[in-house]
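> Have a look at this one.
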Amino acid sequence: MLKLLSYPLTFLYYLAFLLTLVIFHPIQWFCFNVLGYQAHKKSVDILQFCLMRCANILGTRFSFHNPHNIDTNQPLIIVANHQSLHDIYPLTWYMRKYHPKFISKIELGKGIPSVSYNLRHGGAALIDRKNPRQSLPALMKFGEYIEKNKRAAVIFPEGTRSKDGNPKPFQTKGLEILFKKIPSALVVPISINNSWKIVRYGKFPMGLGTHITFTVHKPIKVSTFASKQDLLNSIETTIKEHIHP
């Protein structure tokens with residue numbers, strides 16, 4: 001019965017989601033080209049809030065638990081597991097005061113209203129995973145940007161999304177580059193649970209009544225670890241210990 005109900009609600013969700021992206025595309029363009037970075041960022045923040053309201057159509061709820069007082073005047077490396085598209089917009093909204101910037105597939109940099117524009121102009125790193133000659137310099141440049149401007153780099157080290165919530169092994173090359181290029185960074189590990197359940201049936205219909213949770217763990221100063229491998233192991237262990245498929 002619940003799956004049957006999900007068909008009309010999924011249609012309404014996709015309609016609202018697409019309209020939101022289309023409406024915010026010219027808003028982003030105006031803010032970026034006329035008013036500058038801060039206005040563009042605010043438009044992106046509001047977009048994330050509206051996308052969360054779209055997800056409410058499916059009965060989706062979001063909980064974000066962060067007991068830590070993280071200074072905004074320093075660069076961050078936010079490291080999280082990845083379960084679906086629905087990790088991204090709430091994470092951007094809840095961490096908005098840290099100016100989160102994502103590492104994304106280069107393919108997403110065109111063709112998607114609002115999303116592609118923000119990735120191209122908002123400070124993200126667009127990488128071609130099949131081309132190290134493009135991806136490695138892009139990551140280095142991204143790290144330098146984060147260090148200089150005290151933004152937050154967001155990375156999903158699993159590389160691909162987990163379709164059942166079970167975490168995949170972390171691919172560490174990207175993190176190693178970020179550690180090198182953002183030496184003053186604070187690493188913020190985050191465990192994400194249940195977002196895979198929205199797409200448990202695929203793209204249509206979508207799962208109803210999902211409660212997506214984000215748990216922010218104790219931040220770690222990159223410079224306090226002499227061994228970067230120990231730091232990588234600590235981050236991966238912390239995140240995975242709090243994932244409950």
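In the structure tokens, the first chain shown is A, the next is B, and so on; residue numbers restart at 1 for each chain, and ligands run from 1 in the order shown.
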With a cut-off of 12 Å, could you pull out the residues of region 117-205 of chain A touching region 36-51 of chain A and give me the nearest pair of atoms for each, distance in Å to one decimal, using only C-alpha atoms, ordered by chain and ascending number, as JSON lines?

```
{"residue": "A:Tyr117", "atom": "CA", "partner": "A:Val44", "partner_atom": "CA", "distance": 10.3}
{"residue": "A:Asn118", "atom": "CA", "partner": "A:Val44", "partner_atom": "CA", "distance": 7.5}
{"residue": "A:Leu119", "atom": "CA", "partner": "A:Val44", "partner_atom": "CA", "distance": 10.6}
{"residue": "A:His121", "atom": "CA", "partner": "A:His40", "partner_atom": "CA", "distance": 9.2}
{"residue": "A:Gly122", "atom": "CA", "partner": "A:Lys41", "partner_atom": "CA", "distance": 7.5}
{"residue": "A:Gly123", "atom": "CA", "partner": "A:Tyr37", "partner_atom": "CA", "distance": 10.0}
```
> Take the selection from the previous step and output its residues with N, CA, C and O atoms, as a CSV table (one decimal), in the first residue's frame.

```csv
chain,number,residue,atom,x,y,z
A,117,TYR,N,25.3,25.1,-12.7
A,117,TYR,CA,25.8,26.5,-12.6
A,117,TYR,C,26.6,26.7,-11.3
A,117,TYR,O,27.6,27.3,-11.2
A,118,ASN,N,26.0,26.1,-10.2
A,118,ASN,CA,26.7,26.3,-8.9
A,118,ASN,C,28.0,25.6,-8.9
A,118,ASN,O,29.0,26.1,-8.3
A,119,LEU,N,28.0,24.4,-9.4
A,119,LEU,CA,29.3,23.6,-9.5
A,119,LEU,C,30.4,24.4,-10.2
A,119,LEU,O,31.5,24.4,-9.8
A,121,HIS,N,30.5,27.7,-10.9
A,121,HIS,CA,30.8,29.1,-10.4
A,121,HIS,C,30.9,29.2,-8.9
A,121,HIS,O,31.3,30.3,-8.4
A,122,GLY,N,30.6,28.2,-8.1
A,122,GLY,CA,30.5,28.3,-6.7
A,122,GLY,C,31.7,27.8,-5.9
A,122,GLY,O,31.8,27.9,-4.7
A,123,GLY,N,32.8,27.4,-6.7
A,123,GLY,CA,34.0,27.0,-6.0
A,123,GLY,C,34.2,25.5,-5.9
A,123,GLY,O,35.2,25.0,-5.3
```
> Find the residues of region 101-212 of chain A that sit at most 8 Å from region 66-78 of chain A; for each, write down the nearest two atoms and how far apart they are in Å, to one decimal. Count only C-alpha atoms. Sort by chain, then by number going up, and give it as a Markdown table.

```
| residue | atom | partner | partner_atom | distance |
| --- | --- | --- | --- | --- |
| A:Ile146 | CA | A:Pro75 | CA | 6.2 |
| A:Glu147 | CA | A:Pro75 | CA | 5.7 |
| A:Asn149 | CA | A:Pro75 | CA | 7.5 |
| A:Lys150 | CA | A:Pro75 | CA | 4.0 |
| A:Arg151 | CA | A:Pro75 | CA | 5.1 |
| A:Ala152 | CA | A:Leu76 | CA | 4.4 |
| A:Ala153 | CA | A:Ile77 | CA | 4.8 |
| A:Val154 | CA | A:Ile78 | CA | 4.7 |
| A:Ile155 | CA | A:Ile78 | CA | 6.3 |
| A:Leu178 | CA | A:Ile77 | CA | 7.8 |
| A:Ile182 | CA | A:Pro75 | CA | 7.3 |
| A:Ser184 | CA | A:Pro75 | CA | 6.8 |
| A:Ala185 | CA | A:Pro75 | CA | 4.8 |
| A:Leu186 | CA | A:Leu76 | CA | 4.8 |
| A:Val187 | CA | A:Ile77 | CA | 4.7 |
| A:Val188 | CA | A:Ile78 | CA | 4.7 |
| A:Pro189 | CA | A:Ile78 | CA | 6.0 |
| A:Ile190 | CA | A:Ile78 | CA | 7.2 |
```
> Here is a test: counting only C-alpha atoms, which residue of A:Leu175, A:Ile243, A:Leu21, A:Val34 is nearest to Leu136 (chain A)?
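The shortest atom-to-atom distance to Leu136 (chain A) comes from A:Leu175.
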> Have a look at A:His65, A:Ala138, A:Val22, A:Lys197 and name the one nearest to Met95 (chain A); count only C-alpha atoms.
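Smallest separation from Met95 (chain A) among the options: A:His65.
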> Smallest atom-to-atom distance to Ile198 (chain A): which of A:Ala16, A:Ile23, A:Leu58, A:Leu9, using only C-alpha atoms?
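Ranking A:Ala16, A:Ile23, A:Leu58, A:Leu9 by distance to Ile198 (chain A), first place goes to A:Leu58.
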> Just checking: using only C-alpha atoms, which residue out of A:Leu35, A:Ile212, A:Ile177, A:Met206 ends up closest to Lys228 (chain A)?
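Of A:Leu35, A:Ile212, A:Ile177, A:Met206, the one nearest Lys228 (chain A), counting only C-alpha atoms, is A:Ile177.
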> Compile the contact shell of Arg129 (chain A) as a list in words: residues with an atom at most 9 Å away, counting only C-alpha atoms, same-chain residues fewer than 4 positions apart removed.
Lys105, Ile106, Gln134 and Ser135 of chain A
> Would you put the residues from that selection into a file with all heavy atoms, as a PDB file, in the first residue's frame?

```pdb
ATOM      1  N   LYS A 105      31.856  14.915 -10.035  1.00  0.00           N
ATOM      2  CA  LYS A 105      32.156  14.420 -11.385  1.00  0.00           C
ATOM      3  C   LYS A 105      32.026  15.555 -12.385  1.00  0.00           C
ATOM      4  O   LYS A 105      31.089  16.356 -12.301  1.00  0.00           O
ATOM      5  CB  LYS A 105      31.192  13.290 -11.766  1.00  0.00           C
ATOM      6  CG  LYS A 105      31.288  12.041 -10.935  1.00  0.00           C
ATOM      7  CD  LYS A 105      30.394  10.944 -11.472  1.00  0.00           C
ATOM      8  CE  LYS A 105      28.929  11.323 -11.419  1.00  0.00           C
ATOM      9  NZ  LYS A 105      28.051  10.202 -11.855  1.00  0.00           N
ATOM     10  N   ILE A 106      32.915  15.584 -13.340  1.00  0.00           N
ATOM     11  CA  ILE A 106      32.918  16.654 -14.331  1.00  0.00           C
ATOM     12  C   ILE A 106      31.636  16.673 -15.158  1.00  0.00           C
ATOM     13  O   ILE A 106      31.194  17.720 -15.633  1.00  0.00           O
ATOM     14  CB  ILE A 106      34.167  16.544 -15.246  1.00  0.00           C
ATOM     15  CG1 ILE A 106      34.409  17.866 -15.965  1.00  0.00           C
ATOM     16  CG2 ILE A 106      34.047  15.361 -16.199  1.00  0.00           C
ATOM     17  CD1 ILE A 106      35.763  17.938 -16.661  1.00  0.00           C
ATOM     18  N   GLN A 134      43.876  15.451 -15.613  1.00  0.00           N
ATOM     19  CA  GLN A 134      42.935  16.548 -15.345  1.00  0.00           C
ATOM     20  C   GLN A 134      42.561  16.601 -13.873  1.00  0.00           C
ATOM     21  O   GLN A 134      42.511  17.668 -13.265  1.00  0.00           O
ATOM     22  CB  GLN A 134      41.667  16.369 -16.192  1.00  0.00           C
ATOM     23  CG  GLN A 134      40.636  17.493 -16.039  1.00  0.00           C
ATOM     24  CD  GLN A 134      39.696  17.342 -14.837  1.00  0.00           C
ATOM     25  OE1 GLN A 134      39.484  16.238 -14.332  1.00  0.00           O
ATOM     26  NE2 GLN A 134      39.139  18.443 -14.391  1.00  0.00           N
ATOM     27  N   SER A 135      42.284  15.427 -13.283  1.00  0.00           N
ATOM     28  CA  SER A 135      41.723  15.389 -11.928  1.00  0.00           C
ATOM     29  C   SER A 135      42.729  15.805 -10.852  1.00  0.00           C
ATOM     30  O   SER A 135      42.366  16.518  -9.906  1.00  0.00           O
ATOM     31  CB  SER A 135      41.177  13.994 -11.622  1.00  0.00           C
ATOM     32  OG  SER A 135      42.188  13.010 -11.714  1.00  0.00           O
TER      33      SER A 135
END
```
> In Å, rounded to a single decimal, give me how far CA of Ile57 (chain A) is from CA of Pro26 (chain A).
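Interatomic distance here is 24.5 Å.
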